[in-house]
$ cat my_file-v2.cif   # mmCIF, C-alpha atoms and all ligand atoms
data_work
#
loop_
_atom_site.label_atom_id
_atom_site.label_comp_id
_atom_site.auth_asym_id
_atom_site.auth_seq_id
_atom_site.Cartn_x
_atom_site.Cartn_y
_atom_site.Cartn_z
CA MET O 920 14.14 -1.28 -17.70
CA GLY O 921 12.73 2.18 -17.10
CA SER O 922 9.99 1.97 -19.67
CA THR O 923 7.93 5.11 -19.68
CA GLY O 924 5.90 4.65 -22.81
CA SER O 925 2.18 4.30 -22.61
CA GLU O 926 1.78 1.15 -20.56
CA PRO O 927 -0.63 -1.42 -21.89
CA GLY O 928 -2.77 -3.38 -19.52
CA ALA O 929 -3.73 -0.82 -16.91
CA VAL O 930 -6.93 -2.11 -15.33
CA HIS O 931 -8.93 0.98 -14.46
CA LEU O 932 -11.50 1.16 -11.70
CA ALA O 933 -15.17 1.45 -12.56
CA PRO O 934 -16.31 5.07 -12.91
CA THR O 935 -18.59 4.53 -9.88
CA VAL O 936 -15.58 4.11 -7.56
CA GLU O 937 -14.96 7.31 -5.68
CA ARG O 938 -13.05 6.36 -2.60
CA SER O 939 -10.44 3.98 -1.38
CA VAL O 940 -9.30 2.24 1.77
CA LYS O 941 -6.30 0.10 2.47
CA VAL O 942 -5.25 -2.83 4.55
CA LEU O 943 -1.65 -3.77 5.29
CA VAL O 944 -0.56 -7.38 4.91
CA VAL O 945 2.50 -7.90 7.03
CA GLY O 946 4.47 -10.93 8.07
CA ALA O 947 7.84 -12.57 7.93
CA TYR O 948 9.66 -13.60 4.76
CA GLY O 949 7.87 -16.22 2.68
CA VAL O 950 4.90 -16.51 4.99
CA GLY O 951 2.27 -16.14 2.28
CA LYS O 952 1.58 -12.39 2.05
CA THR O 953 1.64 -12.23 -1.74
CA THR O 954 -0.40 -15.41 -1.97
CA LEU O 955 -3.14 -13.91 0.19
CA ILE O 956 -3.16 -10.65 -1.79
CA GLY O 957 -3.33 -12.55 -5.10
CA ALA O 958 -6.17 -14.73 -3.86
CA VAL O 959 -8.45 -11.77 -3.22
CA SER O 960 -7.27 -9.21 -5.78
CA GLU O 961 -9.33 -8.41 -8.88
CA ILE O 962 -6.17 -7.38 -10.73
CA PRO O 963 -2.90 -9.30 -11.09
CA VAL O 964 -0.67 -8.52 -8.11
CA LEU O 965 1.36 -5.39 -8.87
CA SER O 966 4.66 -4.40 -7.45
CA THR O 967 6.59 -1.20 -6.90
CA GLU O 968 10.13 -0.52 -5.85
CA GLU O 969 10.12 1.75 -2.84
CA THR O 970 13.07 3.63 -1.47
CA VAL O 971 13.56 3.23 2.24
CA THR O 972 16.10 4.82 4.46
CA THR O 973 17.79 2.30 6.67
CA ALA O 974 20.12 3.22 9.46
CA SER O 975 23.49 1.56 9.30
CA VAL O 976 22.55 -1.64 7.55
CA GLY O 977 25.44 -2.68 5.39
CA VAL O 978 26.91 0.78 5.77
CA ASP O 979 30.39 1.58 6.86
CA PRO O 980 29.81 2.14 10.60
CA ARG O 981 32.64 4.67 10.80
CA ARG O 982 30.64 7.08 8.72
CA GLY O 983 27.45 6.52 10.68
CA GLU O 984 25.33 7.43 7.69
CA LYS O 985 21.91 6.32 6.74
CA SER O 986 21.69 4.49 3.50
CA THR O 987 18.78 4.17 1.15
CA THR O 988 17.82 0.87 -0.28
CA THR O 989 14.98 -0.24 -2.46
CA VAL O 990 12.42 -2.77 -1.41
CA ALA O 991 9.70 -4.39 -3.46
CA MET O 992 6.20 -3.82 -2.20
CA ASP O 993 3.40 -5.77 -3.78
CA PHE O 994 -0.26 -5.00 -3.68
CA GLY O 995 -3.67 -5.91 -5.00
CA ARG O 996 -7.09 -4.32 -5.26
CA VAL O 997 -10.66 -5.35 -4.83
CA THR O 998 -13.76 -3.22 -5.41
CA VAL O 999 -16.30 -3.55 -2.61
CA GLY O 1000 -19.87 -2.34 -2.63
CA GLY O 1001 -19.49 -0.71 -6.05
CA SER O 1002 -18.01 2.59 -4.88
CA THR O 1003 -14.99 1.70 -2.76
CA ALA O 1004 -11.62 0.34 -3.82
CA LEU O 1005 -9.91 -1.74 -1.14
CA TYR O 1006 -6.15 -1.99 -1.52
CA LEU O 1007 -4.02 -4.65 0.11
CA PHE O 1008 -0.42 -3.57 0.55
CA GLY O 1009 2.00 -6.36 1.30
CA THR O 1010 5.07 -5.23 3.16
CA PRO O 1011 8.10 -7.21 4.19
CA GLY O 1012 8.41 -8.08 7.85
CA GLN O 1013 12.16 -7.76 8.17
CA LYS O 1014 13.21 -5.26 10.77
CA ARG O 1015 15.06 -2.98 8.42
CA PHE O 1016 11.88 -2.38 6.41
CA TRP O 1017 9.68 -1.37 9.30
CA ASP O 1018 9.93 2.27 8.30
CA LEU O 1019 8.14 1.43 5.10
CA TRP O 1020 5.05 -0.02 6.67
CA VAL O 1021 4.93 2.39 9.53
CA GLY O 1022 4.70 5.08 6.83
CA LEU O 1023 2.00 3.13 5.04
CA ALA O 1024 -0.07 2.68 8.18
CA ASP O 1025 -1.53 6.21 8.10
CA GLY O 1026 -5.19 5.97 7.29
CA ALA O 1027 -5.24 2.18 7.02
CA VAL O 1028 -8.24 0.11 8.12
CA GLY O 1029 -5.91 -2.31 9.85
CA ALA O 1030 -3.26 -4.95 9.38
CA LEU O 1031 -3.48 -8.61 8.56
CA VAL O 1032 -0.54 -10.32 10.22
CA VAL O 1033 0.26 -13.55 8.43
CA VAL O 1034 2.02 -16.18 10.53
CA ASP O 1035 3.45 -19.62 9.91
CA THR O 1036 3.03 -21.98 12.86
CA ARG O 1037 6.54 -23.31 12.27
CA ARG O 1038 7.93 -19.82 12.91
CA LEU O 1039 5.48 -18.21 15.30
CA GLU O 1040 8.21 -16.12 16.91
CA ASP O 1041 8.55 -14.11 13.68
CA GLY O 1042 4.92 -13.13 14.05
CA PHE O 1043 5.55 -12.04 17.61
CA GLU O 1044 8.11 -9.53 16.44
CA VAL O 1045 5.81 -8.07 13.79
CA LEU O 1046 2.93 -7.76 16.27
CA ASP O 1047 5.19 -6.00 18.74
CA GLN O 1048 6.19 -3.47 16.14
CA LEU O 1049 2.62 -2.83 15.05
CA GLU O 1050 1.58 -2.25 18.62
CA GLU O 1051 4.50 0.02 19.32
CA HIS O 1052 4.36 2.19 16.20
CA THR O 1053 0.72 2.19 15.11
CA HIS O 1054 -2.79 2.07 16.51
CA LEU O 1055 -4.06 -0.22 13.80
CA PRO O 1056 -6.61 -2.94 14.43
CA VAL O 1057 -4.94 -6.28 13.79
CA ALA O 1058 -6.17 -9.70 12.74
CA VAL O 1059 -3.87 -12.72 12.72
CA VAL O 1060 -3.98 -15.07 9.75
CA VAL O 1061 -2.48 -18.50 10.34
CA ASN O 1062 -1.25 -19.88 7.04
CA GLU O 1063 -1.85 -23.61 7.03
CA PHE O 1064 1.10 -24.78 5.03
CA PRO O 1065 1.03 -28.51 4.29
CA GLY O 1066 3.02 -30.34 6.93
CA ALA O 1067 2.98 -27.44 9.37
CA PRO O 1068 1.74 -28.38 12.82
CA ARG O 1069 -1.95 -27.64 13.31
CA HIS O 1070 -2.52 -25.60 16.42
CA GLU O 1071 -5.78 -24.76 17.99
CA LEU O 1072 -6.39 -21.11 17.24
CA GLU O 1073 -6.67 -20.49 20.98
CA ALA O 1074 -3.15 -21.88 21.42
CA VAL O 1075 -1.88 -19.46 18.76
CA ARG O 1076 -3.66 -16.64 20.54
CA THR O 1077 -1.97 -17.54 23.80
CA ALA O 1078 1.44 -18.09 22.23
CA LEU O 1079 1.29 -14.70 20.53
CA ASP O 1080 -0.15 -13.05 23.64
CA LEU O 1081 -2.81 -11.29 21.59
CA PRO O 1082 -4.96 -8.55 23.08
CA PRO O 1083 -8.51 -9.74 23.77
CA GLY O 1084 -10.82 -9.36 20.79
CA THR O 1085 -8.04 -9.81 18.21
CA PRO O 1086 -9.43 -12.12 15.53
CA VAL O 1087 -7.43 -15.20 14.59
CA VAL O 1088 -8.32 -17.04 11.41
CA SER O 1089 -6.59 -19.83 9.55
CA GLY O 1090 -6.63 -21.55 6.21
CA ASP O 1091 -4.93 -22.24 2.93
CA LEU O 1092 -4.35 -18.70 1.71
CA ARG O 1093 -4.38 -19.73 -1.92
CA GLY O 1094 -8.16 -19.88 -1.77
CA ARG O 1095 -10.19 -16.73 -2.30
CA ARG O 1096 -12.72 -17.70 0.34
CA GLN O 1097 -10.10 -17.87 3.10
CA ALA O 1098 -8.57 -14.59 2.03
CA VAL O 1099 -11.98 -12.90 2.08
CA GLU O 1100 -12.72 -14.41 5.51
CA ALA O 1101 -9.50 -12.91 6.83
CA LEU O 1102 -10.45 -9.49 5.47
CA LYS O 1103 -13.93 -9.74 6.94
CA ALA O 1104 -12.52 -10.64 10.35
CA LEU O 1105 -10.22 -7.62 10.26
CA VAL O 1106 -12.83 -5.13 9.08
CA ALA O 1107 -15.38 -6.44 11.59
CA HIS O 1108 -12.77 -5.92 14.30
CA ALA O 1109 -12.16 -2.38 13.04
CA VAL O 1110 -15.91 -1.69 13.10
CA ARG O 1111 -16.13 -2.84 16.73
CA ARG O 1112 -13.14 -0.74 17.69
CA ALA O 1113 -14.74 2.28 16.04
CA GLY O 1114 -17.77 1.79 18.26
CA GLY O 1115 -20.02 -0.02 15.83
CA SER O 1116 -21.66 -3.37 16.29
CA VAL O 1117 -21.31 -6.39 14.05
CA ALA O 1118 -23.95 -9.02 13.52
CA ALA O 1119 -22.61 -12.43 14.52
CA MET F 1465 30.66 15.37 1.61
CA PRO F 1466 27.23 14.52 0.20
CA THR F 1467 24.43 16.97 0.82
CA ASP F 1468 20.77 16.16 1.10
CA PRO F 1469 18.97 16.23 -2.22
CA PRO F 1470 16.52 19.10 -2.54
CA LEU F 1471 12.90 18.38 -1.80
CA GLY F 1472 11.13 16.66 -4.64
CA THR F 1473 14.13 14.69 -5.84
CA PRO F 1474 13.54 11.29 -4.31
CA THR F 1475 15.81 9.54 -6.76
CA ASP F 1476 18.89 10.38 -8.76
CA THR F 1477 17.02 9.83 -11.98
CA TYR F 1478 14.93 12.88 -11.43
CA ARG F 1479 17.33 15.72 -10.83
CA ASP F 1480 15.67 17.92 -13.40
CA HIS F 1481 12.33 17.95 -11.64
CA PRO F 1482 12.10 21.62 -10.61
CA VAL F 1483 12.33 22.68 -14.24
CA ARG F 1484 9.57 20.34 -15.37
CA SER F 1485 7.48 21.31 -12.43
CA TYR F 1486 7.79 24.95 -13.47
CA VAL F 1487 6.72 24.09 -17.00
CA LEU F 1488 3.54 22.51 -15.68
CA THR F 1489 2.56 24.84 -12.91
CA GLY F 1490 4.01 28.09 -14.23
CA GLY F 1491 5.65 28.64 -10.87
CA ARG F 1492 2.40 28.53 -8.92
CA ALA F 1493 2.19 27.01 -5.47
CA HIS F 1494 2.03 23.26 -4.95
CA PRO F 1495 -1.04 22.75 -2.75
CA THR F 1496 -1.27 19.07 -3.56
CA ARG F 1497 2.26 18.22 -2.44
CA ASN F 1498 2.26 15.78 0.45
CA THR F 1499 -1.46 15.09 0.25
CA LEU F 1500 -1.26 12.05 -2.00
CA ARG F 1501 -1.13 8.57 -0.57
CA PRO F 1502 -0.50 5.28 -2.33
CA GLU F 1503 -4.25 4.53 -2.25
CA THR F 1504 -5.36 7.99 -3.45
CA LEU F 1505 -7.45 7.63 -6.60
CA LEU F 1506 -6.53 9.73 -9.62
CA CYS F 1507 -7.94 10.24 -13.09
CA ALA F 1508 -6.77 12.31 -16.05
CA VAL F 1509 -8.89 15.39 -16.77
CA ASP F 1510 -10.47 14.83 -20.15
CA ASP F 1511 -10.91 18.37 -21.44
CA GLY F 1512 -8.81 18.14 -24.58
CA ARG F 1513 -6.11 20.40 -23.18
CA GLU F 1514 -2.64 19.34 -24.30
CA LEU F 1515 0.38 19.19 -22.04
CA PRO F 1516 2.96 21.91 -22.77
CA VAL F 1517 5.51 20.78 -25.35
CA ALA F 1518 8.23 20.99 -22.74
CA ALA F 1519 6.47 18.57 -20.36
CA GLY F 1520 8.44 15.44 -19.54
CA ARG F 1521 7.89 11.92 -20.82
CA HIS F 1522 7.02 10.69 -17.34
CA GLU F 1523 4.15 13.18 -17.12
CA ARG F 1524 2.90 12.13 -20.54
CA ALA F 1525 3.06 8.46 -19.67
CA LEU F 1526 1.30 9.13 -16.39
CA LEU F 1527 -1.65 10.91 -18.02
CA GLU F 1528 -1.84 8.26 -20.74
CA THR F 1529 -1.99 5.48 -18.16
CA CYS F 1530 -4.49 7.34 -16.01
CA ARG F 1531 -7.26 7.77 -18.59
CA GLY F 1532 -9.44 5.83 -16.19
CA THR F 1533 -9.31 5.83 -12.39
CA LEU F 1534 -6.24 4.31 -10.75
CA SER F 1535 -4.51 4.68 -7.40
CA LEU F 1536 -1.15 6.37 -7.08
CA ALA F 1537 0.40 2.97 -6.26
CA GLU F 1538 -1.01 1.42 -9.43
CA LEU F 1539 0.35 4.28 -11.50
CA ALA F 1540 3.77 3.75 -9.96
CA ALA F 1541 3.64 0.04 -10.71
CA TYR F 1542 2.57 0.51 -14.33
CA LEU F 1543 5.13 3.27 -14.91
CA ARG F 1544 7.82 1.29 -13.08
CA LEU F 1545 8.76 4.27 -10.95
CA PRO F 1546 8.92 4.63 -7.16
CA THR F 1547 5.66 5.77 -5.57
CA SER F 1548 7.41 8.74 -3.98
CA LEU F 1549 8.47 10.02 -7.39
CA VAL F 1550 5.07 9.45 -8.99
CA ALA F 1551 3.52 11.37 -6.08
CA VAL F 1552 5.60 14.41 -7.05
CA LEU F 1553 4.72 14.12 -10.74
CA ALA F 1554 1.04 13.56 -9.99
CA SER F 1555 0.73 16.44 -7.56
CA ASP F 1556 2.16 18.85 -10.13
CA LEU F 1557 -0.28 17.53 -12.72
CA VAL F 1558 -3.15 17.99 -10.26
CA ASP F 1559 -2.07 21.53 -9.44
CA ALA F 1560 -1.81 22.32 -13.16
CA GLY F 1561 -5.28 20.93 -13.81
CA TYR F 1562 -4.38 17.91 -15.93
CA LEU F 1563 -5.11 15.28 -13.33
CA ALA F 1564 -7.98 15.06 -10.84
CA ILE F 1565 -8.11 13.48 -7.41
CA ARG F 1566 -11.07 11.09 -7.48
CA SER F 1567 -11.11 9.85 -3.92
CA HIS F 1568 -12.34 12.02 -1.09
CA ALA F 1569 -9.67 13.65 1.00
CA ALA F 1570 -7.92 10.99 3.02
CA ARG F 1571 -8.88 10.92 6.67
CA ASP F 1572 -6.64 9.85 9.49
CA THR F 1573 -8.66 6.75 10.12
CA PRO F 1574 -11.58 5.46 8.08
CA GLY F 1575 -14.84 6.36 9.81
CA LEU F 1576 -17.44 3.92 11.05
CA ASP F 1577 -19.74 4.49 8.06
CA LEU F 1578 -17.03 3.60 5.60
CA LEU F 1579 -15.89 0.58 7.61
CA GLU F 1580 -19.45 -0.75 7.78
CA GLU F 1581 -19.89 -0.26 4.06
CA VAL F 1582 -16.67 -2.15 3.33
CA LEU F 1583 -17.73 -5.00 5.62
CA ASP F 1584 -21.08 -5.10 3.89
CA GLY F 1585 -19.40 -5.28 0.51
CA LEU F 1586 -17.14 -8.13 1.65
CA HIS F 1587 -20.15 -10.08 2.91
CA ARG F 1588 -21.63 -9.93 -0.58
CA PHE F 1589 -18.71 -11.78 -2.18
N1 LIG D 1601 0.71 -25.14 0.16
C1 LIG D 1601 0.62 -23.84 0.41
N2 LIG D 1601 1.58 -23.07 -0.07
C2 LIG D 1601 1.50 -21.75 0.15
C3 LIG D 1601 0.43 -21.18 0.89
N3 LIG D 1601 0.63 -19.85 0.97
C4 LIG D 1601 1.77 -19.60 0.33
N4 LIG D 1601 2.30 -20.75 -0.19
C5 LIG D 1601 3.56 -20.84 -0.93
O1 LIG D 1601 4.59 -20.36 -0.10
C6 LIG D 1601 5.53 -19.59 -0.84
C7 LIG D 1601 5.69 -18.19 -0.26
O2 LIG D 1601 4.46 -17.49 -0.38
P1 LIG D 1601 4.41 -15.94 -0.73
O3 LIG D 1601 2.97 -15.58 -0.83
O4 LIG D 1601 5.29 -15.60 -1.84
O5 LIG D 1601 4.99 -15.34 0.61
P2 LIG D 1601 5.40 -13.84 0.92
O6 LIG D 1601 5.08 -13.62 2.34
O7 LIG D 1601 4.80 -12.92 -0.06
O8 LIG D 1601 6.95 -13.89 0.71
P3 LIG D 1601 8.00 -12.66 0.61
O9 LIG D 1601 7.32 -11.56 -0.13
O10 LIG D 1601 9.14 -13.25 -0.14
O11 LIG D 1601 8.34 -12.31 2.02
C8 LIG D 1601 5.04 -19.59 -2.27
O12 LIG D 1601 5.73 -20.56 -2.98
C9 LIG D 1601 3.57 -19.96 -2.14
O13 LIG D 1601 3.10 -20.63 -3.28
C10 LIG D 1601 -0.59 -22.07 1.39
O14 LIG D 1601 -1.55 -21.66 2.05
N5 LIG D 1601 -0.43 -23.38 1.12
MG MG D 1602 5.70 -11.43 -1.26
#

$ encode --input "my_file-v2.cif" --output "C-alpha cells" --more "lines below"
Ligand SMILES: Nc1nc2c(ncn2[C@@H]2O[C@H](COP(=O)(O)OP(=O)(O)OP(=O)(O)O)[C@@H](O)[C@H]2O)c(=O)[nH]1
Ligand SMILES: [Mg+2]
Amino acid sequence: MGSTGSEPGAVHLAPTVERSVKVLVVGAYGVGKTTLIGAVSEIPVLSTEETVTTASVGVDPRRGEKSTTTVAMDFGRVTVGGSTALYLFGTPGQKRFWDLWVGLADGAVGALVVVDTRRLEDGFEVLDQLEEHTHLPVAVVVNEFPGAPRHELEAVRTALDLPPGTPVVSGDLRGRRQAVEALKALVAHAVRRAGGSVAA
Amino acid sequence: MPTDPPLGTPTDTYRDHPVRSYVLTGGRAHPTRNTLRPETLLCAVDDGRELPVAAGRHERALLETCRGTLSLAELAAYLRLPTSLVAVLASDLVDAGYLAIRSHAARDTPGLDLLEEVLDGLHRF
C-alpha cells in the first residue's frame, strides 16, 4: 500500500532505554517462531519486507544471474532491566533465505532454534548453517505441538548432535513463561560462553 | 544489459535518493552510512528545526514516527519500507542533525556486563 503518512500506533520505548540487543529466532517453516516472539513481545509482532539476493532460485539458469526477492521478517521487543531493549528477530529457515539471517547475526546475543519433533531433520539443517556461518551461542527450543511425539530432551540433544552445553528447552510456545524460559536459557549460555558464571 | 544500481538505491522506488540526500546533508559526508543495524535505537531531535521544504515525504514520515525512541526495524515496519532503505534515510537524517542515535555504538558481540544485565532483567519477569 506504500503508506507514508504519519503512522498511528508506534509504541515508543521508555526514555530510560539507551541500548539494545537482539536474539535471532530461526527454524523451519511453520515451526512456531512467530508464536514464540508474540508470546514474549511487549508490542504486537511487527513485520518488514526485506530484500534478499538469492542465487539462481527461479531464475533462468542460462543467464546465471542473481535475483532479488522479498521475504517477510517478523520481530518483537521486550524491555529488560529498564534500560535495555531486547529484540527478537524471526527469520525463515528455508535455505534460500540464509543470507538474510547470516547478515542479521552480527552483534546478536545468540539464536533460538525452534524445532518440531515431527520434523527434527529440518532443525539439523538450520543448526548446521548456524555453526558454519556464525559463532552465535545457540539454544534449542522444542515446540510441543499437540499430538507431536514427546521425546526426552536428552534424546533430542543426541538426535541433533548438539555441542555439549547447548541448552535444550521445551514447551507450548504460546505461553509467555515458556518463551521467557527459552530466552533465559540462551542468555545464560551466552554468559557462560563469555566467561561469566551463572547461578544455578 | 542491466547494471548494478548505484549505492543507496536498494529498491526501484527510491531512484531519486541522491537528490534528497543532498537536500538534507548539503553535500556533506555520510559518516553514519553503514553503521545502523536493525536494532539500533533512534529518536528525532526535538529542537524545533524544520526539515527543508524540499525534503521527501519518507523523511517527514520517519521523523514523525520517531518522536520517541524506536529501533530502525520498528521504523521500517511502521513506514512499510524495507529496512535497508530506511537505514539510508535515517543515516542522512542523523548526519543532518534531525535524528539522533540513542543506543551506544554497536559492538561485535555483546559484552559480559550487558549479557549479565539482560539475564538479570529476564529473571525479574
Ligand atoms: N498447539 C500449539 N500450536 C502452536 C504452537 N506454536 C505454534 N502453534 C501454531 O502453529 C502454527 C505456526 O506457528 P507460527 O508461529 O506461525 O510458525 P512460524 O515458524 O512463525 O511460521 P513461518 O513464519 O510461516 O515459517 C500457528 O497456527 C500457531 O498457532 C504451540 O506451542 N502449540
Ligand atoms: Mg512466522

$ residues_near_ligand --input "my_file-v2.cif" --ligand "ligand MG 1602 (chain D)" --cutoff "7 Å" --atoms "only C-alpha atoms and all ligand atoms" --output "list of chain:residue names"
O:Gly949, O:Gly951, O:Lys952, O:Thr953, O:Asp993, O:Gly1009

$ closest_atom_pairs --input "my_file-v2.cif" --of "chain O" --to "chain F" --cutoff "7 Å" --atoms "all atoms listed in the file" --output "JSON lines"
{"residue": "O:Gly921", "atom": "CA", "partner": "F:Arg1544", "partner_atom": "CA", "distance": 6.4}
{"residue": "O:Ser922", "atom": "CA", "partner": "F:Leu1543", "partner_atom": "CA", "distance": 6.9}
{"residue": "O:Thr923", "atom": "CA", "partner": "F:Leu1543", "partner_atom": "CA", "distance": 5.8}
{"residue": "O:Gly924", "atom": "CA", "partner": "F:Ala1525", "partner_atom": "CA", "distance": 5.7}
{"residue": "O:Ser925", "atom": "CA", "partner": "F:Ala1525", "partner_atom": "CA", "distance": 5.2}
{"residue": "O:Glu926", "atom": "CA", "partner": "F:Thr1529", "partner_atom": "CA", "distance": 6.2}
{"residue": "O:Ala929", "atom": "CA", "partner": "F:Thr1529", "partner_atom": "CA", "distance": 6.7}
{"residue": "O:His931", "atom": "CA", "partner": "F:Gly1532", "partner_atom": "CA", "distance": 5.2}
{"residue": "O:Leu932", "atom": "CA", "partner": "F:Thr1533", "partner_atom": "CA", "distance": 5.2}
{"residue": "O:Glu937", "atom": "CA", "partner": "F:Ser1567", "partner_atom": "CA", "distance": 4.9}
{"residue": "O:Arg938", "atom": "CA", "partner": "F:Ser1567", "partner_atom": "CA", "distance": 4.2}
{"residue": "O:Ser939", "atom": "CA", "partner": "F:Glu1503", "partner_atom": "CA", "distance": 6.3}
{"residue": "O:Val940", "atom": "CA", "partner": "F:Glu1503", "partner_atom": "CA", "distance": 6.8}
{"residue": "O:Lys941", "atom": "CA", "partner": "F:Glu1503", "partner_atom": "CA", "distance": 6.8}
{"residue": "O:Leu965", "atom": "CA", "partner": "F:Ala1541", "partner_atom": "CA", "distance": 6.2}
{"residue": "O:Ser966", "atom": "CA", "partner": "F:Ala1541", "partner_atom": "CA", "distance": 5.6}
{"residue": "O:Thr967", "atom": "CA", "partner": "F:Ala1541", "partner_atom": "CA", "distance": 5.0}
{"residue": "O:Glu968", "atom": "CA", "partner": "F:Pro1546", "partner_atom": "CA", "distance": 5.5}
{"residue": "O:Glu969", "atom": "CA", "partner": "F:Pro1546", "partner_atom": "CA", "distance": 5.3}
{"residue": "O:Val999", "atom": "CA", "partner": "F:Gly1585", "partner_atom": "CA", "distance": 4.7}
{"residue": "O:Gly1000", "atom": "CA", "partner": "F:Gly1585", "partner_atom": "CA", "distance": 4.3}
{"residue": "O:Tyr1006", "atom": "CA", "partner": "F:Glu1503", "partner_atom": "CA", "distance": 6.8}
{"residue": "O:Asp1025", "atom": "CA", "partner": "F:Asp1572", "partner_atom": "CA", "distance": 6.4}
{"residue": "O:Gly1026", "atom": "CA", "partner": "F:Thr1573", "partner_atom": "CA", "distance": 4.5}
{"residue": "O:Ala1027", "atom": "CA", "partner": "F:Thr1573", "partner_atom": "CA", "distance": 6.5}
{"residue": "O:Val1028", "atom": "CA", "partner": "F:Pro1574", "partner_atom": "CA", "distance": 6.3}
{"residue": "O:Lys1103", "atom": "CA", "partner": "F:Leu1583", "partner_atom": "CA", "distance": 6.2}
{"residue": "O:Val1106", "atom": "CA", "partner": "F:Leu1583", "partner_atom": "CA", "distance": 6.0}
{"residue": "O:Ala1107", "atom": "CA", "partner": "F:Leu1583", "partner_atom": "CA", "distance": 6.6}
{"residue": "O:Val1110", "atom": "CA", "partner": "F:Leu1579", "partner_atom": "CA", "distance": 5.9}
{"residue": "O:Ala1113", "atom": "CA", "partner": "F:Leu1576", "partner_atom": "CA", "distance": 5.9}
{"residue": "O:Gly1115", "atom": "CA", "partner": "F:Leu1576", "partner_atom": "CA", "distance": 6.7}

$ closest_residue --input "my_file-v2.cif" --among "O:Glu961, O:Asp1080, O:Asp1091, O:Glu1051" --to "Leu1005 in chain O" --atoms "all atoms listed in the file"
O:Glu961

$ closest_residue --input "my_file-v2.cif" --among "O:Val971, O:Ala991, O:Val1075, O:Val942" --to "ligand LIG 1601 (chain D)" --atoms "only C-alpha atoms and all ligand atoms"
O:Ala991

$ residues_near_ligand --input "my_file-v2.cif" --ligand "ligand LIG 1601 (chain D)" --cutoff "9 Å" --atoms "only C-alpha atoms and all ligand atoms" --output "PyMOL selection string"
chain O and resi 944-957+991-993+1009-1013+1033+1061-1066+1090-1094
